[in-house]
Amino acid sequence: MNSVDIHKAAHLVDVVIEIPRGSFLKRGSTGKLDFISPLPCPFNYGSIPAFIGLDGDLLDAVVLGPRLPLGTTVRVHAWGAVGMIDQGLHDDKLICSLAPISPWKQQLIVLFFIIYAKAKSLLNLIRGNKGNNCCEGWRDAESALARATHRAHNDWNGPTTF
């Protein structure tokens, strides 16, 4: 498969950046501050407004590459996903970039989300939230998008959980 075929194989998605790379402030898709992290976010983190994930919130997305400003909408390729369980609910994280993601980077991304799941477990315990938290590993983007619900404009009023 040549580079043109590879780019056709990856899904093109629009991601709105909610947490710029290097930020300590974790905001949700509604803009509300969720928590202040002791460590900076290693990725641009946001959501895909065209899809609602199984957790009732907009589908989460990570955008690799240089820091992008808060509120930026970027069109990128979705090369994979990390399967997460948060408070007992499946919560895919689509992994996006302009270029394919090497197996080595995939392993580093999964390692980050394993650590993130453990930290989120502690935060949920402190908040009194029930349900398991874990990272299920690397998945393909197509499956994550198939699990999500495509949404029409203005038919979402915020997450159903929290």
# chains A, B, ... in the order shown; residues from 1 in each chain; ligands from 1
>>> select_by_dssp(residues="segment 20-144 of chain A", states="helix (DSSP H, G or I)", output="list of chain:residue names")
A:Pro103, A:Trp104, A:Lys105, A:Gln106, A:Gln107, A:Leu108, A:Ile109, A:Val110, A:Leu111, A:Phe112, A:Phe113, A:Ile114, A:Ile115, A:Tyr116, A:Ala117, A:Lys118, A:Ala119, A:Lys120, A:Ser121, A:Leu122, A:Leu123, A:Asn124, A:Leu125, A:Ile126, A:Arg127, A:Ala141, A:Glu142, A:Ser143, A:Ala144
>>> select_by_dssp(residues="segment 26-94 of chain A", states="strand (DSSP E or B)", output="compact mmCIF listing (two decimals) with N, CA and C atoms, in the first residue's frame")
# COMPACT_ATOMS: atom_id res chain seq x y z
N LYS A 26 -7.83 20.11 32.76
CA LYS A 26 -8.61 19.09 32.06
C LYS A 26 -10.05 19.58 32.00
N ARG A 27 -10.49 19.89 30.78
CA ARG A 27 -11.86 20.34 30.55
C ARG A 27 -12.63 19.28 29.78
N LEU A 33 -14.43 22.87 33.70
CA LEU A 33 -13.19 22.35 34.27
C LEU A 33 -13.49 21.07 35.04
N ASP A 34 -12.80 19.99 34.67
CA ASP A 34 -12.99 18.69 35.32
C ASP A 34 -12.00 18.53 36.47
N PHE A 35 -10.72 18.81 36.21
CA PHE A 35 -9.70 18.77 37.26
C PHE A 35 -8.43 19.44 36.77
N ILE A 36 -7.54 19.72 37.74
CA ILE A 36 -6.22 20.25 37.43
C ILE A 36 -5.24 19.11 37.60
N ASN A 44 -2.63 16.94 22.34
CA ASN A 44 -3.81 17.78 22.16
C ASN A 44 -5.00 16.85 22.34
N TYR A 45 -5.92 17.21 23.20
CA TYR A 45 -7.03 16.33 23.55
C TYR A 45 -8.33 17.07 23.26
N GLY A 46 -9.26 16.38 22.66
CA GLY A 46 -10.52 17.04 22.35
C GLY A 46 -11.61 16.05 22.04
N SER A 47 -12.54 16.47 21.20
CA SER A 47 -13.67 15.61 20.86
C SER A 47 -14.06 15.82 19.40
N ILE A 48 -14.83 14.86 18.92
CA ILE A 48 -15.33 14.89 17.55
C ILE A 48 -16.82 15.20 17.62
N PRO A 49 -17.21 16.44 17.32
CA PRO A 49 -18.61 16.84 17.47
C PRO A 49 -19.61 16.04 16.64
N ALA A 50 -19.14 15.34 15.62
CA ALA A 50 -20.05 14.58 14.75
C ALA A 50 -20.48 13.25 15.36
N PHE A 51 -19.86 12.86 16.50
CA PHE A 51 -20.17 11.54 17.08
C PHE A 51 -20.33 11.62 18.59
N ILE A 52 -21.25 10.80 19.11
CA ILE A 52 -21.43 10.63 20.54
C ILE A 52 -20.93 9.23 20.90
N LEU A 58 -19.47 13.49 23.78
CA LEU A 58 -18.88 13.52 22.44
C LEU A 58 -17.70 12.55 22.40
N LEU A 59 -17.47 11.95 21.24
CA LEU A 59 -16.39 10.98 21.08
C LEU A 59 -15.04 11.67 21.32
N ASP A 60 -14.25 11.13 22.22
CA ASP A 60 -12.95 11.69 22.57
C ASP A 60 -11.93 11.45 21.46
N ALA A 61 -10.99 12.40 21.33
CA ALA A 61 -9.93 12.26 20.34
C ALA A 61 -8.64 12.88 20.86
N VAL A 62 -7.55 12.24 20.51
CA VAL A 62 -6.20 12.73 20.77
C VAL A 62 -5.64 13.15 19.42
N VAL A 63 -5.01 14.32 19.37
CA VAL A 63 -4.36 14.77 18.14
C VAL A 63 -2.87 14.89 18.45
N THR A 73 -10.37 23.85 15.65
CA THR A 73 -10.91 22.67 14.96
C THR A 73 -9.89 22.27 13.91
N VAL A 74 -9.49 21.00 13.95
CA VAL A 74 -8.48 20.50 13.03
C VAL A 74 -9.01 19.25 12.34
N ARG A 75 -8.78 19.17 11.03
CA ARG A 75 -9.17 17.98 10.26
C ARG A 75 -7.94 17.09 10.15
N VAL A 76 -8.04 15.88 10.72
CA VAL A 76 -6.91 14.93 10.77
C VAL A 76 -7.39 13.52 10.48
N HIS A 77 -6.44 12.65 10.27
CA HIS A 77 -6.73 11.23 10.05
C HIS A 77 -6.81 10.51 11.39
N ALA A 78 -7.80 9.65 11.54
CA ALA A 78 -7.92 8.78 12.72
C ALA A 78 -7.26 7.44 12.35
N TRP A 79 -6.13 7.15 13.00
CA TRP A 79 -5.34 5.97 12.66
C TRP A 79 -5.63 4.80 13.58
N GLY A 80 -6.24 5.06 14.72
CA GLY A 80 -6.52 3.99 15.68
C GLY A 80 -7.34 4.55 16.82
N ALA A 81 -7.49 3.73 17.85
CA ALA A 81 -8.22 4.15 19.04
C ALA A 81 -7.66 3.40 20.23
N VAL A 82 -7.84 3.97 21.40
CA VAL A 82 -7.52 3.28 22.64
C VAL A 82 -8.85 3.01 23.32
N GLY A 83 -9.08 1.73 23.63
CA GLY A 83 -10.29 1.36 24.34
C GLY A 83 -10.13 1.62 25.82
N MET A 84 -11.03 2.39 26.39
CA MET A 84 -11.00 2.71 27.82
C MET A 84 -12.34 2.34 28.45
N ILE A 85 -12.28 2.01 29.72
CA ILE A 85 -13.47 1.87 30.55
C ILE A 85 -13.36 2.94 31.62
N ASP A 86 -14.37 3.80 31.74
CA ASP A 86 -14.38 4.87 32.74
C ASP A 86 -15.71 4.80 33.48
N LEU A 89 -18.13 2.42 32.02
CA LEU A 89 -18.66 2.67 30.68
C LEU A 89 -17.54 2.68 29.65
N HIS A 90 -17.81 2.11 28.49
CA HIS A 90 -16.81 2.12 27.42
C HIS A 90 -16.63 3.55 26.92
N LYS A 93 -11.07 6.44 22.80
CA LYS A 93 -10.26 7.63 22.51
C LYS A 93 -9.69 7.43 21.11
N LEU A 94 -10.19 8.19 20.15
CA LEU A 94 -9.69 8.10 18.78
C LEU A 94 -8.31 8.75 18.74
>>> residues_around(residues="segment 131-140 of chain A", least_positions_apart="6", cutoff="12 Å", atoms="only C-alpha atoms", output="ChimeraX atom specification")
/A:9-11,78-96,101,103-125,146-147,161-162
>>> atom_distance(atom1="atom CA of Arg127 of chain A", atom2="atom CA of Gly22 of chain A")
25.0 Å
